[in-house]
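Asks: Pasting run.cif below, which is mmCIF, C-alpha atoms.
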```cif
data_run
loop_
_atom_site.label_atom_id
_atom_site.label_comp_id
_atom_site.auth_asym_id
_atom_site.auth_seq_id
_atom_site.Cartn_x
_atom_site.Cartn_y
_atom_site.Cartn_z
CA MET A 61 0.00 0.00 0.00
CA SER A 62 1.32 3.42 -0.87
CA PRO A 63 1.57 5.55 2.27
CA MET A 64 0.69 8.61 0.18
CA THR A 65 -2.83 7.35 -0.63
CA LEU A 66 -3.96 6.74 2.91
CA ASP A 67 -7.70 7.36 3.26
CA GLY A 68 -10.45 5.71 5.26
CA ALA A 69 -10.83 2.80 2.87
CA ALA A 70 -7.06 2.25 2.84
CA ILE A 71 -7.01 2.20 6.63
CA GLY A 72 -9.77 -0.41 6.57
CA ARG A 73 -7.70 -2.55 4.20
CA LEU A 74 -4.64 -2.04 6.36
CA TYR A 75 -6.62 -3.20 9.40
CA ARG A 76 -7.63 -6.39 7.64
CA SER A 77 -4.14 -7.13 6.30
CA HIS A 78 -2.01 -6.07 9.29
CA GLY A 79 -4.37 -5.97 12.30
CA HIS A 80 -3.22 -9.44 13.39
CA VAL A 81 0.34 -8.13 13.88
CA VAL A 82 -0.92 -5.46 16.29
CA LEU A 83 -3.15 -7.95 18.10
CA ARG A 84 -0.38 -10.55 18.46
CA ARG A 85 2.09 -8.07 19.93
CA ALA A 86 -0.52 -6.43 22.16
CA ARG A 87 -1.43 -9.84 23.59
CA LEU A 88 2.21 -10.49 24.34
CA LEU A 89 2.84 -7.05 25.83
CA LEU A 90 -0.38 -6.68 27.83
CA GLY A 91 -1.17 -10.31 28.67
CA SER A 92 -4.91 -9.67 28.59
CA GLU A 93 -7.20 -10.49 25.68
CA ALA A 94 -9.58 -7.61 26.44
CA ASP A 95 -6.75 -5.09 26.71
CA ALA A 96 -5.15 -6.42 23.53
CA GLN A 97 -8.44 -5.99 21.65
CA GLU A 98 -8.62 -2.44 22.96
CA ALA A 99 -5.05 -1.79 21.83
CA LEU A 100 -5.93 -3.07 18.36
CA GLN A 101 -8.80 -0.58 18.09
CA GLU A 102 -6.80 2.30 19.55
CA VAL A 103 -3.80 1.86 17.27
CA PHE A 104 -5.99 2.04 14.17
CA ALA A 105 -8.08 4.86 15.67
CA SER A 106 -4.88 6.88 16.08
CA LEU A 107 -4.14 6.22 12.43
CA LEU A 108 -7.53 7.61 11.43
CA ARG A 109 -6.91 10.72 13.47
CA ALA A 110 -3.35 11.36 12.34
CA PRO A 111 -2.49 9.46 9.15
CA GLN A 112 0.51 11.73 8.58
CA GLY A 113 2.45 9.57 11.08
CA LEU A 114 2.25 6.61 8.73
CA ARG A 115 2.82 8.75 5.64
CA SER A 116 6.17 9.84 7.05
CA ALA A 117 7.14 6.36 8.28
CA GLY A 118 9.51 4.25 6.23
CA SER A 119 7.47 1.08 6.60
CA VAL A 120 3.89 0.18 7.47
CA LEU A 121 4.98 -2.62 9.77
CA GLY A 122 7.58 -0.41 11.44
CA TRP A 123 4.94 2.21 12.22
CA LEU A 124 2.52 -0.42 13.56
CA TYR A 125 5.25 -1.85 15.81
CA GLN A 126 6.04 1.63 17.14
CA ALA A 127 2.40 2.59 17.72
CA THR A 128 1.60 -0.72 19.44
CA THR A 129 4.65 -0.54 21.69
CA HIS A 130 3.91 3.05 22.66
CA PHE A 131 0.27 2.32 23.46
CA CYS A 132 0.97 -0.89 25.38
CA LEU A 133 3.77 0.57 27.49
CA ASN A 134 1.46 3.43 28.45
CA GLN A 135 -1.19 0.89 29.40
CA LEU A 136 1.29 -1.04 31.53
CA ARG A 137 2.31 2.14 33.34
CA ASN A 138 -1.34 3.04 33.90
CA ARG A 139 -2.17 -0.29 35.45
CA ARG A 140 0.72 -0.47 37.87
CA THR A 141 -1.50 -1.54 40.69
CA GLY A 142 -1.52 -5.06 41.95
CA ALA A 143 -4.99 -6.32 41.08
CA ARG A 144 -4.51 -6.22 37.32
CA LEU A 145 -1.10 -7.85 37.53
CA LEU A 146 -2.62 -10.80 39.34
CA GLN A 147 -5.00 -11.28 36.41
CA ASP A 148 -2.04 -11.21 34.03
CA ARG A 149 -0.66 -14.34 35.56
CA VAL A 150 -3.38 -16.42 33.96
CA ALA A 151 -3.35 -14.46 30.72
CA PRO A 152 -2.50 -15.77 27.25
CA THR A 153 1.12 -16.34 26.30
CA SER A 154 2.89 -15.35 23.12
CA GLY A 155 1.42 -18.23 21.12
CA ILE A 156 4.88 -18.86 19.67
CA ALA A 157 6.30 -22.34 20.29
CA GLY A 158 9.27 -22.18 22.63
CA GLY A 159 8.29 -18.68 23.73
CA PRO A 160 8.52 -17.32 27.25
CA SER A 161 6.46 -18.73 30.10
CA PRO A 162 3.40 -16.79 31.35
CA GLU A 163 5.21 -16.18 34.65
CA ALA A 164 8.27 -14.68 32.95
CA LEU A 165 6.10 -12.46 30.78
CA SER A 166 4.01 -11.28 33.68
CA GLU A 167 7.11 -10.38 35.64
CA LEU A 168 8.63 -8.59 32.68
CA ARG A 169 5.46 -6.55 32.21
CA SER A 170 5.52 -5.37 35.79
CA LEU A 171 9.19 -4.42 35.40
CA LEU A 172 8.63 -2.62 32.10
CA ALA A 173 5.94 -0.51 33.74
CA ARG A 174 8.53 0.84 36.16
CA MET A 175 11.38 1.46 33.72
CA PRO A 176 12.18 4.74 31.96
CA ALA A 177 10.10 4.94 28.76
CA ASP A 178 12.92 4.85 26.21
CA ALA A 179 14.72 2.00 27.96
CA ALA A 180 11.44 0.06 28.24
CA ALA A 181 10.80 0.45 24.50
CA ALA A 182 14.33 -0.70 23.68
CA ALA A 183 13.90 -3.70 25.98
CA VAL A 184 10.62 -4.66 24.33
CA TYR A 185 12.07 -4.53 20.84
CA HIS A 186 15.25 -6.37 21.75
CA HIS A 187 14.08 -8.94 24.29
CA MET A 188 10.46 -9.58 23.32
CA ASP A 189 10.69 -9.07 19.55
CA GLY A 190 14.23 -10.36 19.17
CA MET A 191 15.42 -7.33 17.20
CA THR A 192 19.06 -6.63 16.52
CA HIS A 193 20.55 -3.35 17.71
CA ALA A 194 20.24 -2.01 14.15
CA GLU A 195 16.53 -2.85 14.03
CA VAL A 196 15.93 -1.30 17.45
CA ALA A 197 17.78 1.82 16.27
CA GLU A 198 15.41 2.01 13.29
CA MET A 199 12.38 1.71 15.58
CA LEU A 200 13.59 4.35 18.01
CA GLY A 201 15.13 6.66 15.42
CA CYS A 202 18.49 6.72 17.17
CA SER A 203 22.00 5.35 16.69
CA ARG A 204 23.06 1.76 17.46
CA ARG A 205 25.36 3.17 20.11
CA GLN A 206 22.38 4.82 21.79
CA VAL A 207 20.52 1.49 21.64
CA GLY A 208 23.41 -0.18 23.44
CA TYR A 209 23.25 2.48 26.11
CA LEU A 210 19.47 2.12 26.49
CA LEU A 211 19.68 -1.67 26.79
CA GLU A 212 22.39 -1.38 29.43
CA ARG A 213 20.17 1.06 31.25
CA ALA A 214 17.26 -1.38 30.96
CA GLN A 215 19.40 -4.20 32.32
CA ARG A 216 20.49 -2.04 35.26
CA SER A 217 16.85 -1.13 35.93
CA LEU A 218 15.87 -4.81 35.78
CA ALA A 219 18.63 -5.76 38.18
CA LEU A 220 17.69 -2.99 40.61
CA LEU A 221 14.00 -3.79 40.46
CA GLU A 222 14.68 -7.50 41.01
CA GLN A 223 16.83 -6.71 44.02
CA SER A 224 14.11 -4.55 45.51
CA ALA A 225 11.37 -7.11 44.80
CA MET B 174 12.60 -13.77 35.80
CA SER B 175 16.27 -13.03 35.92
CA THR B 176 17.91 -10.39 33.75
CA ARG B 177 19.80 -13.17 31.99
CA THR B 178 16.66 -14.92 30.78
CA ALA B 179 15.42 -11.67 29.28
CA ASP B 180 17.76 -12.38 26.38
CA ARG B 181 15.80 -15.50 25.46
CA LEU B 182 12.24 -14.22 25.36
CA TRP B 183 12.00 -14.31 21.56
CA PRO B 184 12.49 -17.95 20.48
CA ALA B 185 13.71 -17.36 16.90
CA CYS B 186 17.07 -16.09 15.71
CA LEU B 187 15.47 -13.66 13.24
CA SER B 188 13.39 -10.90 14.82
CA ALA B 189 9.60 -10.80 14.84
CA LEU B 190 9.77 -7.63 12.74
CA HIS B 191 11.98 -9.31 10.12
CA LEU B 192 9.68 -12.32 9.91
CA ASP B 193 6.58 -10.09 9.77
CA ARG B 194 8.15 -8.16 6.90
CA PHE B 195 8.82 -11.44 5.14
CA LEU B 196 5.22 -12.59 5.59
CA ALA B 197 3.83 -9.21 4.54
CA GLY B 198 5.91 -9.17 1.36
CA GLU B 199 7.85 -6.06 2.43
CA LEU B 200 11.23 -7.66 1.68
CA ASP B 201 12.82 -7.56 -1.76
CA GLU B 202 13.21 -10.81 -3.69
CA LEU B 203 16.77 -11.43 -2.50
CA GLY B 204 15.82 -10.84 1.16
CA ALA B 205 12.79 -13.11 0.86
CA ARG B 206 14.84 -15.87 -0.78
CA ARG B 207 17.38 -15.72 2.04
CA ILE B 208 14.62 -16.12 4.61
CA ARG B 209 13.07 -19.07 2.79
CA GLN B 210 16.46 -20.80 2.73
CA HIS B 211 17.05 -19.98 6.39
CA LEU B 212 13.71 -21.46 7.40
CA LEU B 213 14.71 -24.82 5.93
CA SER B 214 17.52 -25.16 8.46
CA CYS B 215 16.25 -23.23 11.51
CA PRO B 216 13.47 -24.93 13.51
CA GLY B 217 13.06 -21.91 15.82
CA CYS B 218 12.38 -19.47 13.00
CA ALA B 219 10.27 -22.02 11.10
CA ALA B 220 8.05 -22.60 14.16
CA SER B 221 7.70 -18.84 14.71
CA VAL B 222 6.71 -18.24 11.10
CA GLU B 223 4.17 -21.05 11.32
CA ALA B 224 2.64 -19.54 14.47
CA MET B 225 2.57 -16.08 12.89
CA ARG B 226 0.88 -17.47 9.77
CA ALA B 227 -1.74 -19.16 11.95
CA ALA B 228 -2.40 -15.85 13.73
CA ARG B 229 -2.97 -14.17 10.36
CA ASP B 230 -5.82 -16.60 9.65
CA GLU B 231 -7.62 -15.72 12.88
CA PRO B 232 -10.67 -13.52 12.12
CA LEU B 233 -10.36 -9.98 13.46
CA PRO B 234 -13.21 -8.19 15.24
CA PRO B 235 -14.85 -5.37 13.28
CA LEU B 236 -12.93 -2.11 13.39
CA ARG B 237 -14.99 -0.29 16.01
CA VAL B 238 -13.77 3.12 14.99
CA VAL B 239 -14.66 3.44 11.35
CA PRO B 240 -14.43 6.02 8.62
CA LEU B 241 -17.82 6.57 7.05
CA THR B 242 -18.44 7.61 3.48
CA PRO B 243 -17.40 11.15 2.54
CA ARG B 244 -20.98 12.21 1.74
CA ALA B 245 -21.75 12.25 5.45
CA ARG B 246 -19.12 14.94 6.03
CA ARG B 247 -20.90 18.09 4.82
CA PHE B 248 -24.25 18.79 3.29
CA ARG B 249 -23.89 22.54 2.89
CA GLY B 250 -24.95 23.93 -0.45
CA THR B 251 -27.01 20.95 -1.51
CA ALA B 252 -30.74 20.64 -1.78
CA ALA B 253 -30.64 18.09 0.99
CA ALA B 254 -28.89 20.50 3.31
CA GLY B 255 -31.93 22.58 4.15
CA VAL B 256 -33.97 19.50 4.91
CA LEU B 257 -31.30 17.94 7.04
CA LEU B 258 -30.43 21.07 8.98
CA ALA B 259 -34.09 21.76 9.62
CA ALA B 260 -34.45 18.22 10.83
CA ALA B 261 -31.42 18.68 13.05
CA ALA B 262 -32.91 21.76 14.69
CA SER B 263 -36.13 19.94 15.48
CA VAL B 264 -34.15 16.98 16.72
CA LEU B 265 -32.36 19.13 19.25
CA LEU B 266 -35.59 20.71 20.36
CA LEU B 267 -37.20 17.35 20.84
CA ALA B 268 -34.18 15.81 22.40
CA ARG B 269 -33.68 18.39 25.14
CA GLY B 270 -33.94 16.95 28.59
CA PRO B 271 -34.21 18.38 32.10
CA GLY B 272 -31.08 20.21 33.23
CA GLU B 273 -29.87 20.73 29.70
CA ARG B 274 -28.39 24.12 28.95
CA VAL B 275 -28.59 25.07 25.33
CA LYS B 276 -28.32 28.85 25.36
CA GLY B 277 -27.70 29.60 21.72
CA PRO B 278 -29.69 28.37 18.76
CA ALA B 279 -26.66 27.66 16.61
CA PHE B 280 -24.90 24.78 18.36
CA ALA B 281 -26.13 21.45 17.06
CA LEU B 282 -25.17 17.81 17.22
CA ARG B 283 -26.25 15.44 14.52
CA MET B 284 -25.87 11.70 14.22
CA TYR B 285 -25.47 9.54 11.14
CA VAL B 286 -25.87 5.78 11.04
CA GLU B 287 -24.19 3.37 8.68
CA HIS B 288 -26.16 0.17 8.22
CA GLY B 289 -25.40 -2.38 5.53
CA GLY B 290 -23.09 0.03 3.73
CA GLU B 291 -25.71 2.82 3.59
CA VAL B 292 -25.44 6.03 5.61
CA ARG B 293 -28.58 7.79 6.84
CA PRO B 294 -29.15 10.78 9.13
CA ALA B 295 -30.60 9.67 12.48
CA MET B 296 -33.74 10.97 14.14
CA PRO B 297 -34.45 11.03 17.89
CA GLY B 298 -35.06 7.55 19.18
CA GLU B 299 -33.57 6.12 15.99
CA VAL B 300 -33.57 2.33 15.97
CA VAL B 301 -30.14 0.94 15.18
CA ALA B 302 -28.59 -2.51 15.27
CA PRO B 303 -25.50 -3.98 16.91
CA GLY B 304 -22.68 -3.73 14.38
CA ASP B 305 -24.01 -0.50 12.85
CA ALA B 306 -21.58 2.42 12.86
CA VAL B 307 -22.53 5.86 14.13
CA ARG B 308 -20.82 9.13 13.46
CA PHE B 309 -21.51 12.62 14.69
CA ALA B 310 -21.44 16.00 12.98
CA VAL B 311 -21.58 19.33 14.74
CA THR B 312 -22.69 22.81 13.83
CA THR B 313 -20.94 25.54 15.76
CA PRO B 314 -20.93 29.29 15.04
CA ALA B 315 -17.58 29.79 16.77
CA LYS B 316 -14.57 27.69 17.63
CA ALA B 317 -15.66 25.33 20.40
CA TYR B 318 -14.15 22.48 22.38
CA VAL B 319 -16.39 19.54 21.54
CA ALA B 320 -16.93 16.13 23.12
CA VAL B 321 -19.54 13.41 22.69
CA LEU B 322 -20.25 11.12 25.63
CA SER B 323 -22.61 8.18 25.87
CA LEU B 324 -24.41 6.19 28.51
CA ASP B 325 -25.12 2.70 27.21
CA PRO B 326 -28.10 0.52 28.19
CA ALA B 327 -25.97 -1.22 30.84
CA GLY B 328 -25.22 2.12 32.51
CA ARG B 329 -21.64 2.37 31.28
CA GLY B 330 -20.41 5.81 30.40
CA SER B 331 -17.93 6.28 27.59
CA VAL B 332 -16.44 9.00 25.45
CA TYR B 333 -17.21 8.66 21.73
CA PHE B 334 -15.22 11.73 20.80
CA PRO B 335 -12.40 12.61 21.12
CA LEU B 336 -9.95 9.83 21.97
CA GLY B 337 -7.96 12.04 24.34
CA GLY B 338 -8.93 13.05 27.86
CA ARG B 339 -10.17 16.56 27.00
CA ALA B 340 -12.72 18.06 24.64
CA GLU B 341 -11.17 18.82 21.27
CA ALA B 342 -11.24 22.09 19.33
CA VAL B 343 -13.58 22.27 16.33
CA GLU B 344 -13.47 25.24 13.99
CA PRO B 345 -16.72 27.08 13.16
CA GLY B 346 -18.85 25.43 10.52
CA GLY B 347 -22.09 23.68 9.70
CA GLU B 348 -22.39 19.91 9.82
CA VAL B 349 -18.70 19.43 10.42
CA ALA B 350 -18.17 15.68 10.71
CA LEU B 351 -16.18 14.64 13.75
CA PRO B 352 -13.24 12.55 12.57
CA LEU B 353 -14.18 9.29 14.26
CA GLY B 354 -17.12 6.99 13.95
CA THR B 355 -17.92 4.17 16.34
CA ARG B 356 -19.03 0.61 15.60
CA LEU B 357 -21.80 -0.32 18.03
CA ASP B 358 -21.39 -3.33 20.28
CA ALA B 359 -24.01 -5.97 21.08
CA THR B 360 -25.54 -4.35 24.19
CA VAL B 361 -29.19 -3.64 23.35
CA GLY B 362 -31.51 -0.97 24.75
CA VAL B 363 -31.63 2.82 24.89
CA GLU B 364 -28.29 4.61 24.60
CA ARG B 365 -28.10 8.25 25.66
CA ILE B 366 -25.74 10.67 23.96
CA VAL B 367 -24.50 13.96 25.37
CA GLY B 368 -22.82 16.56 23.18
CA LEU B 369 -20.69 19.22 24.85
CA PHE B 370 -19.69 22.54 23.29
CA CYS B 371 -17.29 24.31 25.64
CA SER B 372 -15.22 27.45 25.69
CA PHE B 373 -12.23 25.51 27.05
CA PRO B 374 -10.82 21.95 26.73
CA VAL B 375 -12.89 20.47 29.56
CA GLU B 376 -11.61 17.30 31.30
CA LEU B 377 -13.84 14.40 30.27
CA GLU B 378 -13.20 11.62 32.78
CA PRO B 379 -15.02 13.42 35.66
CA LEU B 380 -17.94 14.05 33.32
CA ARG B 381 -18.02 10.42 32.20
CA VAL B 382 -18.17 9.33 35.86
CA GLN B 383 -20.84 11.93 36.57
CA LEU B 384 -22.88 10.60 33.65
CA GLU B 385 -22.66 7.04 35.01
CA ARG B 386 -23.84 8.25 38.42
CA GLY B 387 -26.88 9.88 36.87
CA GLY B 388 -25.86 13.40 37.82
CA PRO B 389 -26.66 16.49 35.73
CA LEU B 390 -24.00 17.14 33.15
CA ALA B 391 -23.75 20.90 32.82
CA PRO B 392 -20.21 22.14 33.40
CA ASP B 393 -19.70 25.90 33.54
CA GLY B 394 -18.68 27.32 30.21
CA CYS B 395 -20.30 24.50 28.25
CA GLN B 396 -23.49 24.11 26.30
CA VAL B 397 -25.05 20.66 26.35
CA THR B 398 -27.18 18.84 23.81
CA ARG B 399 -28.74 15.45 24.37
CA TRP B 400 -29.64 12.61 22.07
CA SER B 401 -30.73 9.04 22.31
CA PHE B 402 -31.08 6.01 20.10
CA VAL B 403 -32.43 2.51 20.57
CA LYS B 404 -30.28 -0.48 19.80
CA ARG B 405 -32.07 -3.76 19.10
#
```
When written as structure tokens, how does the structure in this file appear?

Replies:
Amino acid sequence: MSPMTLDGAAIGRLYRSHGHVVLRRARLLLGSEADAQEALQEVFASLLRAPQGLRSAGSVLGWLYQATTHFCLNQLRNRRTGARLLQDRVAPTSGIAGGPSPEALSELRSLLARMPADAAAAAVYHHMDGMTHAEVAEMLGCSRRQVGYLLERAQRSLALLEQSA
Amino acid sequence: MSTRTADRLWPACLSALHLDRFLAGELDELGARRIRQHLLSCPGCAASVEAMRAARDEPLPPLRVVPLTPRARRFRGTAAAGVLLAAAASVLLLARGPGERVKGPAFALRMYVEHGGEVRPAMPGEVVAPGDAVRFAVTTPAKAYVAVLSLDPAGRGSVYFPLGGRAEAVEPGGEVALPLGTRLDATVGVERIVGLFCSFPVELEPLRVQLERGGPLAPDGCQVTRWSFVKR
């Protein structure tokens, strides 16, 4: 799809062709089917409101990854209270064979919610999506060196949070 | 989870983004050929691609926020305009409820319904169906901060417009379509709609809560219009 011809009908087609990518990642990041469905709607709603974001993006999938990560990390920060996290522990897993256990994902979500935003995004792309430093740099619009710094910062945050847990 | 295991959360050696780009056809022929060859010898990536393909086949729910057809955007200057605007004025008159504060004659909220691919202007008490899409248009003689809230048949308050936490600025105009439509869910009964036209970007969450509690919704500096439709 050409990003320059983005109208309502094109967004509808994009939803049908790429919505599953948003839903899959939102399930993994949020661990709740209802919240993932909400994320799916919100990501495409934001596209309807401000299609210029996608027009200026280099890749449709790259923009969808960024928008989903941004929305889900905000959601995790907003739900930093205990009750929701308890629900997460029985939530769906990644659906990918050999993927992380529900317990590991639930713990990671609670840690991500307490990390600095840029480090949390870098950690998601690198650890949960398996991206190389170059791919993370493309997502964040920064240098590979900066990605290395952010991931170190994320690791330090993880270590500190685990010690205080 | 230890920090060390964080390195192993993604089970494939190629990233999810790379594999998604492969499946979506975003890679060039050489890149795609390399992936296909890699999949033959990498069980981790092959299993991930298989799971991602399976997820693609899962049916998606309807897009709840939908763009409606362009003809619902503006009716100014057409023969239909006079009829529709006249209808809108009577709608607002009929739809006023106790406690409503509509001081000026020029602010108006109008609703359109998309059913089976056709868009029609809605009347008070309009009967709609789950799965229909609704979209609102406003008439405002001056720049106003606009929001549309709803109270569904189950007593749940929600904000139809805008997506953010505060009313959003709308420039003066007649029948200006708000940018988002909403796909209706399966809850049946009478749904009440409240349109706010404010002189400032009013916070919406307290108003949504107030609506759920049945309180009057008349913040200072705002004009309020009310609407309802029946979903069955």

Asks: Name every residue that the PyMOL selection byres ((chain A) within 9 of (chain B)) selects in this structure, writing the answer as a ChimeraX atom specification with chains first and numbers rising.

Replies: /A:67-69,71-72,75-81,83-84,97,100-102,104-106,108-109,119-122,125,155-161,163-165,167-168,183,185-192,195,215-216,218-219,222

Asks: By how many Å are atom CA of Ser92 of chain A and atom CA of Val184 of chain A apart?

Replies: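 One can read the atom CA of Ser92 of chain A to atom CA of Val184 of chain A distance as 16.9 Å.
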
Asks: What is the distance, in Å and to one decimal place, between atom CA of Arg386 of chain B and atom CA of Phe373 of chain B?

Replies: 23.7 Å

Asks: Got a sec to resolve the PyMOL selection byres ((chain B and resi 395) around 6) on this structure and send the residues as a PyMOL selection string?

Replies: chain B and resi 370-371+392-394+396

Asks: Which residue is closest to Ala182 of chain A? Choose from A:Leu200, A:Ala194, A:Arg205, A:Ser170 and count only C-alpha atoms.

Replies: A:Leu200

Asks: For atom CA of Leu380 of chain B and atom CA of Ala340 of chain B, quote the distance in Å rounded to one decimal.

Replies: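 Taking atom CA of Leu380 of chain B and atom CA of Ala340 of chain B, their separation equals 10.9 Å.
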
Asks: When you count all atoms listed in the file, which of these residues is closest to Leu351 of chain B: B:Arg308, B:Arg365, B:Lys404, B:Arg209?

Replies: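 Of B:Arg308, B:Arg365, B:Lys404, B:Arg209, the one nearest Leu351 of chain B is B:Arg308, counting all atoms listed in the file.
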
Asks: Step by step, work through what the PyMOL selection byres ((chain B and resi 327) around 9) selects in the shown file, and finish by giving those residues as a ChimeraX atom specification.

Replies: /B:324-326,328-330,360-362,364

Asks: Can you list, as a list in words, every protein, DNA or RNA residue that comes within 7 Å of segment 291-307 of chain B when you count only C-alpha atoms, leaving out same-chain residues fewer than 6 positions away?

Replies: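 Answer for this query is Val264, Ala268, Met284, Tyr285, Gly354, Thr355, Arg356, Leu357, Asp358, Ala359, Trp400, Ser401, Phe402, Val403, Lys404 and Arg405 of chain B.
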